[in-house]
>>> print(open('model24.txt').read())   # compact mmCIF, C-alpha atoms
# COMPACT_ATOMS: atom_id res chain seq x y z
CA MET Z 238 117.19 133.38 55.83
CA ALA Z 239 116.44 133.04 59.56
CA LEU Z 240 119.18 132.93 62.19
CA GLU Z 241 119.00 130.22 64.85
CA VAL Z 242 120.79 129.51 68.12
CA ARG Z 243 120.41 127.28 71.18
CA ALA Z 244 121.52 127.98 74.73
CA ARG Z 245 121.50 125.88 77.89
CA ALA Z 246 122.13 126.96 81.47
CA PRO Z 247 122.26 124.82 84.63
CA GLY Z 248 120.24 124.98 87.80
CA LYS Z 249 121.85 125.29 91.21
CA ILE Z 250 121.85 123.97 94.76
CA ILE Z 251 122.93 125.55 98.04
CA LEU Z 252 125.48 123.18 99.57
CA SER Z 253 125.84 125.12 102.80
CA GLY Z 254 124.80 128.38 104.45
CA GLU Z 255 121.07 128.77 103.75
CA HIS Z 256 119.48 131.52 105.85
CA ALA Z 257 122.78 132.34 107.55
CA VAL Z 258 123.83 134.13 104.36
CA VAL Z 259 120.90 136.54 104.78
CA HIS Z 260 122.49 137.60 108.08
CA GLY Z 261 125.92 138.23 106.57
CA PHE Z 262 127.54 134.80 106.90
CA THR Z 263 129.15 132.50 104.31
CA ALA Z 264 127.31 130.13 101.97
CA VAL Z 265 128.36 127.81 99.14
CA ALA Z 266 126.32 127.23 95.95
CA ALA Z 267 126.99 124.93 93.00
CA ALA Z 268 125.75 124.24 89.49
CA ILE Z 269 124.00 120.94 88.78
CA ASP Z 270 123.67 119.08 85.48
CA LEU Z 271 119.97 119.83 85.05
CA HIS Z 272 119.37 122.60 82.53
CA THR Z 273 116.96 125.01 80.93
CA TYR Z 274 117.22 124.87 77.13
CA VAL Z 275 116.33 127.80 74.88
CA TYR Z 276 115.98 127.71 71.09
CA PHE Z 277 115.83 131.14 69.42
CA ARG Z 278 114.95 131.77 65.79
CA LEU Z 279 115.31 135.36 64.61
CA HIS Z 280 113.19 135.89 61.52
CA SER Z 281 114.43 137.64 58.43
CA THR Z 282 112.37 140.51 57.00
CA SER Z 283 111.01 138.18 54.31
CA ASP Z 284 110.23 135.36 56.76
CA ASN Z 285 108.54 137.08 59.66
CA ASP Z 286 105.61 134.76 60.50
CA ASP Z 287 103.18 137.70 60.50
CA GLY Z 288 105.59 139.85 62.49
CA LEU Z 289 105.19 138.11 65.83
CA VAL Z 290 107.48 137.86 68.84
CA GLU Z 291 106.62 134.41 70.18
CA LEU Z 292 107.43 132.59 73.43
CA GLU Z 293 106.69 128.86 73.65
CA LEU Z 294 106.92 127.12 77.05
CA LYS Z 295 106.93 123.66 75.54
CA ASP Z 296 106.85 121.61 78.77
CA LEU Z 297 103.71 123.45 79.88
CA GLY Z 298 102.00 123.48 76.49
CA LEU Z 299 101.76 127.28 76.51
CA VAL Z 300 102.45 129.75 73.70
CA PHE Z 301 102.37 133.55 74.02
CA SER Z 302 102.82 136.04 71.20
CA TRP Z 303 102.85 139.77 70.54
CA PRO Z 304 102.74 141.63 67.20
CA SER Z 305 106.15 143.30 66.84
CA GLN Z 306 104.51 146.52 65.66
CA ARG Z 307 102.43 146.69 68.84
CA LEU Z 308 105.54 146.25 70.98
CA ARG Z 309 107.20 149.06 69.05
CA GLU Z 310 104.23 151.34 69.71
CA MET Z 311 103.99 150.46 73.41
CA PHE Z 312 107.69 150.95 74.12
CA SER Z 313 108.39 153.81 71.72
CA GLU Z 314 108.31 156.55 74.34
CA LEU Z 315 110.59 154.74 76.81
CA GLY Z 316 113.81 155.07 74.84
CA LEU Z 317 114.70 151.37 74.84
CA PRO Z 318 117.07 149.62 75.10
CA SER Z 319 117.83 150.08 78.79
CA LYS Z 320 120.04 147.94 81.00
CA THR Z 321 117.66 148.32 83.93
CA CYS Z 322 113.90 147.97 83.92
CA SER Z 323 112.46 151.35 84.92
CA PRO Z 324 109.06 151.62 86.68
CA GLU Z 325 107.65 153.01 83.42
CA CYS Z 326 109.01 150.08 81.43
CA LEU Z 327 107.65 147.58 83.98
CA LYS Z 328 104.24 149.25 83.78
CA VAL Z 329 104.13 148.73 80.00
CA ILE Z 330 105.28 145.11 80.33
CA THR Z 331 102.71 144.42 83.04
CA SER Z 332 99.90 145.73 80.85
CA LEU Z 333 101.04 143.49 77.96
CA VAL Z 334 101.26 140.41 80.20
CA GLU Z 335 97.88 141.10 81.83
CA GLU Z 336 96.29 140.79 78.37
CA LEU Z 337 97.47 137.18 78.11
CA SER Z 338 95.40 134.17 79.10
CA PHE Z 339 97.12 132.11 81.82
CA PRO Z 340 95.65 128.88 83.18
CA GLU Z 341 94.71 129.53 86.82
CA ALA Z 342 97.26 127.00 88.07
CA LYS Z 343 100.02 128.71 86.05
CA ILE Z 344 99.35 132.35 86.97
CA GLY Z 345 102.73 132.44 88.75
CA LEU Z 346 104.42 132.25 85.34
CA SER Z 347 103.46 135.86 84.61
CA SER Z 348 106.63 137.26 86.21
CA GLY Z 349 108.79 134.99 84.05
CA VAL Z 350 106.94 136.09 80.91
CA SER Z 351 107.45 139.70 82.01
CA ALA Z 352 111.19 139.06 82.36
CA PHE Z 353 111.23 137.53 78.87
CA LEU Z 354 109.49 140.55 77.33
CA TYR Z 355 111.95 142.93 78.98
CA LEU Z 356 114.99 140.93 77.84
CA TYR Z 357 113.71 140.45 74.30
CA THR Z 358 112.77 144.08 73.64
CA SER Z 359 115.91 145.41 75.34
CA ILE Z 360 118.35 143.12 73.52
CA ILE Z 361 116.67 142.38 70.17
CA GLY Z 362 114.26 145.29 69.91
CA TYR Z 363 111.04 144.56 68.00
CA ARG Z 364 112.29 142.26 65.27
CA PRO Z 365 110.03 139.19 64.94
CA GLY Z 366 111.33 135.92 66.32
CA LYS Z 367 110.44 132.76 68.22
CA VAL Z 368 111.84 131.52 71.54
CA ARG Z 369 111.10 127.96 72.65
CA VAL Z 370 111.92 126.88 76.21
CA THR Z 371 112.22 123.41 77.76
CA SER Z 372 113.71 122.46 81.11
CA ASP Z 373 114.91 119.55 83.25
CA LEU Z 374 114.30 121.64 86.38
CA PRO Z 375 111.13 121.42 88.47
CA LEU Z 376 109.63 124.89 88.84
CA GLY Z 377 109.58 126.65 92.20
CA SER Z 378 111.57 123.97 94.00
CA GLY Z 379 114.63 126.02 94.96
CA LEU Z 380 116.86 124.67 92.18
CA GLY Z 381 117.30 127.99 90.38
CA SER Z 382 114.84 127.41 87.52
CA SER Z 383 114.11 131.12 87.05
CA ALA Z 384 117.80 132.06 86.95
CA SER Z 385 118.50 129.23 84.50
CA PHE Z 386 115.66 130.59 82.34
CA CYS Z 387 116.96 134.17 82.45
CA VAL Z 388 120.56 133.13 81.71
CA SER Z 389 119.71 130.87 78.76
CA VAL Z 390 117.24 133.40 77.28
CA SER Z 391 119.75 136.27 77.67
CA ALA Z 392 122.52 134.23 76.05
CA ALA Z 393 120.43 133.19 73.07
CA LEU Z 394 119.23 136.74 72.46
CA LEU Z 395 122.71 138.25 72.82
CA ALA Z 396 124.22 135.61 70.51
CA LEU Z 397 122.05 136.77 67.60
CA SER Z 398 121.97 140.47 68.48
CA GLY Z 399 125.61 141.18 67.60
CA ALA Z 400 126.30 142.28 71.19
CA VAL Z 401 128.74 139.39 71.64
CA CYS Z 402 131.36 138.11 69.23
CA ALA Z 403 130.08 134.54 69.13
CA ASP Z 404 131.40 132.51 66.19
CA ASN Z 405 128.32 131.19 64.41
CA GLN Z 406 130.53 128.85 62.37
CA GLN Z 407 131.58 126.95 65.49
CA LYS Z 408 130.18 123.43 65.72
CA GLY Z 409 128.60 121.90 68.82
CA TRP Z 410 128.16 123.38 72.28
CA PHE Z 411 130.74 125.95 73.37
CA VAL Z 412 131.40 128.37 76.23
CA MET Z 413 131.42 132.12 75.60
CA ARG Z 414 134.40 134.30 76.51
CA GLU Z 415 134.66 135.60 80.06
CA ASN Z 416 133.58 139.15 79.20
CA GLU Z 417 130.63 137.80 77.21
CA LEU Z 418 129.56 135.63 80.15
CA GLU Z 419 129.73 138.71 82.37
CA LEU Z 420 127.40 140.54 79.96
CA VAL Z 421 124.96 137.63 79.94
CA ASN Z 422 125.05 137.54 83.74
CA LYS Z 423 124.20 141.24 83.99
CA TRP Z 424 121.18 140.88 81.73
CA ALA Z 425 120.04 137.70 83.51
CA PHE Z 426 120.21 139.53 86.85
CA GLN Z 427 117.84 142.18 85.49
CA GLY Z 428 115.43 139.40 84.51
CA GLU Z 429 115.73 137.93 88.02
CA ARG Z 430 114.92 141.35 89.49
CA ILE Z 431 111.63 141.39 87.60
CA ILE Z 432 110.79 137.89 88.83
CA HIS Z 433 111.95 138.13 92.46
CA GLY Z 434 112.25 141.83 93.29
CA LYS Z 435 115.52 141.76 95.25
CA PRO Z 436 117.52 138.67 94.23
CA SER Z 437 121.02 138.11 95.61
CA GLY Z 438 122.49 137.47 92.15
CA ILE Z 439 123.89 134.14 93.30
CA ASP Z 440 121.57 131.94 91.26
CA ASN Z 441 122.22 133.65 87.93
CA THR Z 442 125.98 133.83 88.62
CA VAL Z 443 126.21 130.08 89.31
CA SER Z 444 124.05 129.34 86.26
CA THR Z 445 126.22 131.53 84.03
CA PHE Z 446 129.69 130.50 85.16
CA GLY Z 447 128.99 127.01 86.53
CA SER Z 448 131.22 125.20 89.02
CA MET Z 449 130.81 126.40 92.63
CA ILE Z 450 130.72 129.75 94.38
CA MET Z 451 131.42 130.75 97.98
CA PHE Z 452 129.67 133.97 98.86
CA ARG Z 453 129.28 136.35 101.76
CA LEU Z 454 127.50 139.70 101.49
CA SER Z 455 128.51 140.99 98.03
CA GLU Z 456 131.79 139.07 97.82
CA LEU Z 457 131.87 136.05 95.48
CA THR Z 458 134.69 133.50 95.26
CA ARG Z 459 134.58 130.93 92.49
CA LEU Z 460 135.62 127.44 93.60
CA LYS Z 461 136.83 124.45 91.62
CA SER Z 462 136.16 120.91 92.75
CA SER Z 463 139.07 118.50 92.41
CA GLY Z 464 136.72 115.73 91.32
CA PRO Z 465 133.07 114.89 90.56
CA ILE Z 466 130.53 115.04 93.37
CA ARG Z 467 127.33 113.02 92.96
CA MET Z 468 124.12 113.94 94.73
CA LEU Z 469 120.57 112.72 94.87
CA ILE Z 470 118.07 115.59 94.91
CA THR Z 471 114.72 114.71 96.42
CA ASN Z 472 111.92 117.10 95.53
CA THR Z 473 109.33 116.76 98.31
CA LYS Z 474 106.84 118.66 96.12
CA VAL Z 475 105.82 120.57 99.25
CA GLY Z 476 105.42 124.24 98.39
CA ARG Z 477 107.03 126.76 100.68
CA ASN Z 478 106.86 130.48 101.30
CA THR Z 479 110.47 131.66 101.16
CA LYS Z 480 109.71 135.13 102.49
CA ALA Z 481 107.84 133.70 105.49
CA LEU Z 482 110.66 131.25 106.26
CA VAL Z 483 113.30 133.98 106.08
CA ALA Z 484 111.15 136.20 108.30
CA GLY Z 485 110.72 133.34 110.77
CA VAL Z 486 114.48 132.93 111.14
CA SER Z 487 114.85 136.69 111.65
CA GLU Z 488 112.17 136.67 114.35
CA ARG Z 489 113.89 133.76 116.12
CA THR Z 490 117.16 135.72 115.93
CA GLN Z 491 115.49 138.69 117.62
CA ARG Z 492 114.13 136.47 120.41
CA HIS Z 493 117.40 134.58 120.96
CA PRO Z 494 120.21 136.82 119.65
CA ASP Z 495 123.13 135.12 121.42
CA ALA Z 496 122.06 131.55 120.61
CA MET Z 497 121.31 132.36 116.96
CA ALA Z 498 124.59 134.24 116.60
CA ALA Z 499 126.34 131.04 117.67
CA VAL Z 500 124.28 129.04 115.14
CA PHE Z 501 125.20 131.42 112.30
CA THR Z 502 128.88 131.42 113.30
CA ALA Z 503 128.88 127.62 113.21
CA VAL Z 504 127.27 127.62 109.76
CA ASP Z 505 129.91 130.11 108.59
CA SER Z 506 132.68 127.75 109.74
CA ILE Z 507 130.99 124.80 108.00
CA SER Z 508 130.72 126.70 104.71
CA LYS Z 509 134.39 127.70 104.78
CA GLU Z 510 135.55 124.18 105.67
CA LEU Z 511 133.26 122.73 103.00
CA SER Z 512 134.87 124.93 100.34
CA ASP Z 513 138.32 123.78 101.46
CA VAL Z 514 137.32 120.11 101.38
CA ILE Z 515 135.72 120.43 97.93
CA GLN Z 516 138.93 121.90 96.49
CA SER Z 517 141.27 119.45 98.22
CA ALA Z 518 142.99 116.83 96.06
CA ALA Z 519 141.95 113.17 96.23
CA HIS Z 520 143.85 110.77 93.98
CA ASP Z 521 142.71 107.29 95.04
CA ASP Z 522 139.75 105.47 96.57
CA VAL Z 523 141.05 105.92 100.12
CA SER Z 524 141.51 109.69 99.86
CA ILE Z 525 138.24 110.09 97.92
CA THR Z 526 136.35 108.19 100.64
CA ALA Z 527 137.98 110.29 103.38
CA LYS Z 528 137.00 113.47 101.53
CA GLU Z 529 133.41 112.31 101.09
CA GLU Z 530 133.16 111.36 104.78
CA LYS Z 531 134.13 114.93 105.70
CA LEU Z 532 131.50 116.29 103.35
CA GLU Z 533 128.89 114.00 104.92
CA GLU Z 534 129.73 115.21 108.43
CA LEU Z 535 129.56 118.85 107.36
CA MET Z 536 126.19 118.28 105.65
CA GLU Z 537 124.80 116.59 108.77
CA MET Z 538 126.01 119.43 111.00
CA ASN Z 539 124.55 122.03 108.67
CA GLN Z 540 121.20 120.21 108.66
CA GLY Z 541 121.18 120.14 112.47
CA LEU Z 542 121.75 123.89 112.54
CA LEU Z 543 118.97 124.44 109.98
CA GLN Z 544 116.68 122.53 112.33
CA CYS Z 545 117.78 124.92 115.09
CA MET Z 546 116.65 127.77 112.84
CA GLY Z 547 113.19 126.19 112.55
CA VAL Z 548 113.15 125.67 108.79
CA SER Z 549 112.84 121.90 108.54
CA HIS Z 550 109.55 120.17 107.71
CA ALA Z 551 107.91 116.76 108.17
CA SER Z 552 108.58 115.91 104.49
CA ILE Z 553 112.27 116.81 104.90
CA GLU Z 554 112.51 114.67 108.04
CA THR Z 555 111.00 111.75 106.12
CA VAL Z 556 113.78 112.03 103.53
CA LEU Z 557 116.42 112.25 106.28
CA ARG Z 558 115.13 109.13 108.04
CA THR Z 559 114.93 107.19 104.78
CA THR Z 560 118.46 108.01 103.65
CA LEU Z 561 119.89 107.52 107.15
CA ARG Z 562 118.71 103.89 107.07
CA TYR Z 563 121.23 103.44 104.26
CA LYS Z 564 123.90 105.42 106.18
CA LEU Z 565 123.68 108.33 103.74
CA ALA Z 566 123.99 112.00 104.74
CA SER Z 567 121.30 114.48 103.71
CA LYS Z 568 120.37 118.12 104.23
CA LEU Z 569 117.72 120.48 102.95
CA THR Z 570 118.77 122.94 100.27
CA GLY Z 571 117.32 126.42 99.89
CA ALA Z 572 114.66 127.95 102.09
CA GLY Z 573 113.43 124.71 103.67
CA GLY Z 574 109.84 124.19 104.81
CA GLY Z 575 109.54 121.56 102.05
CA GLY Z 576 111.29 122.02 98.73
CA CYS Z 577 114.33 119.86 98.01
CA VAL Z 578 116.77 117.72 100.01
CA LEU Z 579 120.35 116.82 99.03
CA THR Z 580 121.86 113.39 99.66
CA LEU Z 581 125.54 112.76 98.98
CA LEU Z 582 126.12 109.63 96.88
CA PRO Z 583 129.64 108.36 97.69
CA THR Z 584 131.79 107.27 94.76
CA LEU Z 585 131.94 103.65 95.92
CA LEU Z 586 128.22 103.38 96.75
CA PRO Z 587 126.69 100.46 94.79
CA SER Z 588 124.02 101.45 92.29
CA THR Z 589 121.69 98.86 93.81
CA ILE Z 590 121.64 100.88 97.06
CA VAL Z 591 120.88 104.08 95.14
CA ASP Z 592 118.00 102.32 93.39
CA LYS Z 593 116.56 101.12 96.72
CA VAL Z 594 116.74 104.60 98.23
CA ILE Z 595 115.05 106.13 95.20
CA SER Z 596 112.34 103.46 95.26
CA GLU Z 597 111.53 104.19 98.91
CA LEU Z 598 111.49 107.95 98.40
CA GLU Z 599 109.32 107.75 95.29
CA ALA Z 600 106.90 105.53 97.24
CA CYS Z 601 106.43 108.53 99.55
CA GLY Z 602 105.34 110.61 96.55
CA PHE Z 603 108.67 112.43 96.17
CA GLN Z 604 110.56 113.09 92.93
CA CYS Z 605 114.21 111.94 92.78
CA LEU Z 606 116.89 113.41 90.52
CA LYS Z 607 120.47 112.11 90.30
CA VAL Z 608 122.92 114.92 89.52
CA GLU Z 609 126.58 115.78 89.30
CA VAL Z 610 127.54 118.92 91.20
CA GLY Z 611 129.90 121.72 90.16
CA GLY Z 612 129.89 121.19 86.42
CA LYS Z 613 129.75 123.50 83.40
CA GLY Z 614 127.80 126.74 83.27
CA LEU Z 615 126.16 128.37 80.27
CA GLU Z 616 126.80 126.90 76.81
CA VAL Z 617 125.68 128.00 73.35
CA CYS Z 618 125.25 126.15 70.05
CA PHE Z 619 124.49 127.55 66.59
CA THR Z 620 122.14 125.36 64.55
>>> encode(input="model24.txt", output="structure tokens")
Amino acid sequence: MALEVRARAPGKIILSGEHAVVHGFTAVAAAIDLHTYVYFRLHSTSDNDDGLVELELKDLGLVFSWPSQRLREMFSELGLPSKTCSPECLKVITSLVEELSFPEAKIGLSSGVSAFLYLYTSIIGYRPGKVRVTSDLPLGSGLGSSASFCVSVSAALLALSGAVCADNQQKGWFVMRENELELVNKWAFQGERIIHGKPSGIDNTVSTFGSMIMFRLSELTRLKSSGPIRMLITNTKVGRNTKALVAGVSERTQRHPDAMAAVFTAVDSISKELSDVIQSAAHDDVSITAKEEKLEELMEMNQGLLQCMGVSHASIETVLRTTLRYKLASKLTGAGGGGCVLTLLPTLLPSTIVDKVISELEACGFQCLKVEVGGKGLEVCFT
């Protein structure tokens, strides 16, 4: 009899502090209710589907597989499992992934497949099984799709490995214990390292634990919103080079150290005030509206400072102009230079206005996603 489990993990947005955080200042990130879903079926010895470890990326119509015996032979001298991916381990994984056939437009997926192979062989070993992945998140748009992938894959694998004490008799979606979430987060971070090289760990932490996080350097503070926050995410579909954008801000900082120090200090203050506002109580329409107006002002100020850093883009400015016509506050999220833009949707905003805004933005060729911010993190369900 095969064992089966599902896991889902949310994406994330940066509410405040992009780029400034690289220079040691405060930022705030939050989970959004768009998820990556992973289904994992661990085969029994009598039901092994020819002994394959299989990864299906259903949204992309791609399936990759490896004979479990071949994986055993390739990794046998490395002494797996290991909680970090050694250069020797990465070399073996790279050779296995290079044998696969990727469509030219999807070659960037190879790092994610490498992360999967590392997580599977380290957590499960070489036992045959099938992992199927689907996602609400657009890839490469700054919404934490890779972290959501690593968290949901790690959780599903750990749930059937015996490494966590998950109750497989429990019905419906449930949240793992705190120590189990911490274990998932550690494995997911190792997957993120394979994909990104030197990730901050913020994306996988938000995806694992949900809600919101204020962070500065290596210090993380989990926040709790006093009520739902609705946002419109506009994906400009404009690709951006995160490394180049970060380098550009650093170069501007070298040319104008005093001015940029003032910019970063202002962003730091905005992030701290934003976290206070998010956690403040609001019990009626008047107090909720006052709270949302503060958030709008802080978003607008943060966007102005991001423009000072030189990371806006014509597509972002188009979104800002469009939403401003409806008196809505917006800011870029993530690296900038394209990517995604956040627009706060006030609680009392009529749905007809939201529909008009979306219609105008979609007419520009953008993708619009309505989300709730600061919700649940990783959840698991036994099937």
>>> residues_near_point(input="model24.txt", point="(126.9, 125.4, 79.5)", cutoff="6 Å", atoms="all atoms listed in the file", output="list in words")
Arg245, Ala246, Lys613, Gly614, Leu615 and Glu616 of chain Z
>>> residues_around(input="model24.txt", residues="range 329-336 of chain Z", least_positions_apart="4", cutoff="10 Å", atoms="only C-alpha atoms", output="mmCIF file with C-alpha atoms, keeping the file's coordinate frame")
data_model
loop_
_atom_site.group_PDB
_atom_site.id
_atom_site.type_symbol
_atom_site.label_atom_id
_atom_site.label_comp_id
_atom_site.auth_asym_id
_atom_site.auth_seq_id
_atom_site.Cartn_x
_atom_site.Cartn_y
_atom_site.Cartn_z
ATOM 1 C CA PHE Z 301 102.370 133.550 74.020
ATOM 2 C CA TRP Z 303 102.850 139.770 70.540
ATOM 3 C CA ARG Z 307 102.430 146.690 68.840
ATOM 4 C CA LEU Z 308 105.540 146.250 70.980
ATOM 5 C CA MET Z 311 103.990 150.460 73.410
ATOM 6 C CA PHE Z 312 107.690 150.950 74.120
ATOM 7 C CA LEU Z 315 110.590 154.740 76.810
ATOM 8 C CA CYS Z 322 113.900 147.970 83.920
ATOM 9 C CA PRO Z 324 109.060 151.620 86.680
ATOM 10 C CA GLU Z 325 107.650 153.010 83.420
ATOM 11 C CA SER Z 347 103.460 135.860 84.610
ATOM 12 C CA SER Z 348 106.630 137.260 86.210
ATOM 13 C CA VAL Z 350 106.940 136.090 80.910
ATOM 14 C CA SER Z 351 107.450 139.700 82.010
ATOM 15 C CA ALA Z 352 111.190 139.060 82.360
ATOM 16 C CA PHE Z 353 111.230 137.530 78.870
ATOM 17 C CA LEU Z 354 109.490 140.550 77.330
ATOM 18 C CA TYR Z 355 111.950 142.930 78.980
#
>>> residues_around(input="model24.txt", residues="Phe426 in chain Z", least_positions_apart="5", cutoff="9 Å", atoms="all atoms listed in the file", output="ChimeraX atom specification")
/Z:384,387-388,421,431,436-438,440-442
>>> closest_atom_pairs(input="model24.txt", of="range 438-480 of chain Z", to="range 525-533 of chain Z", cutoff="12 Å", atoms="all atoms listed in the file", output="CSV")
residue,atom,partner,partner_atom,distance
Z:Ser462,CA,Z:Lys528,CA,11.5
Z:Ser463,CA,Z:Ile525,CA,10.1
Z:Gly464,CA,Z:Ile525,CA,8.8
Z:Pro465,CA,Z:Ile525,CA,10.2
Z:Ile466,CA,Z:Glu529,CA,8.7
Z:Arg467,CA,Z:Glu529,CA,10.2
Z:Met468,CA,Z:Glu533,CA,11.3
>>> residues_around(input="model24.txt", residues="Glu291 in chain Z", least_positions_apart="5", cutoff="10 Å", atoms="all atoms listed in the file", output="VMD selection string")
chain Z and resid 277 to 278 286 300 to 305 354 365 to 369
>>> write_last_selection(input="model24.txt", atoms="C-alpha atoms", output="compact mmCIF listing (two decimals), keeping the file's coordinate frame")
# COMPACT_ATOMS: atom_id res chain seq x y z
CA PHE Z 277 115.83 131.14 69.42
CA ARG Z 278 114.95 131.77 65.79
CA ASP Z 286 105.61 134.76 60.50
CA VAL Z 300 102.45 129.75 73.70
CA PHE Z 301 102.37 133.55 74.02
CA SER Z 302 102.82 136.04 71.20
CA TRP Z 303 102.85 139.77 70.54
CA PRO Z 304 102.74 141.63 67.20
CA SER Z 305 106.15 143.30 66.84
CA LEU Z 354 109.49 140.55 77.33
CA PRO Z 365 110.03 139.19 64.94
CA GLY Z 366 111.33 135.92 66.32
CA LYS Z 367 110.44 132.76 68.22
CA VAL Z 368 111.84 131.52 71.54
CA ARG Z 369 111.10 127.96 72.65
>>> closest_residue(input="model24.txt", among="Z:Cys577, Z:Leu511, Z:Val523, Z:Leu582", to="Lys564 in chain Z", atoms="only C-alpha atoms")
Z:Leu582
>>> atom_distance(input="model24.txt", atom1="CA of Gly428 in chain Z", atom2="CA of Ser389 in chain Z")
11.1 Å
>>> residues_around(input="model24.txt", residues="Gly447 in chain Z", least_positions_apart="2", cutoff="9 Å", atoms="only C-alpha atoms", output="list in words")
Ala246, Pro247, Lys249, Ala267, Ala268, Ile269, Thr442, Val443, Ser444, Thr445, Met449, Ile450, Gly611, Gly612, Lys613, Gly614 and Leu615 of chain Z
>>> residues_around(input="model24.txt", residues="Phe619 in chain Z", least_positions_apart="2", cutoff="8 Å", atoms="all atoms listed in the file", output="count of residues only")
10
>>> atom_distance(input="model24.txt", atom1="CA of Glu255 in chain Z", atom2="CA of Glu429 in chain Z")
19.0 Å
>>> atom_distance(input="model24.txt", atom1="CA of Val578 in chain Z", atom2="CA of Thr471 in chain Z")
5.1 Å
>>> closest_residue(input="model24.txt", among="Z:Leu380, Z:Val514, Z:Val275, Z:Leu292", to="Leu460 in chain Z", atoms="all atoms listed in the file")
Z:Val514
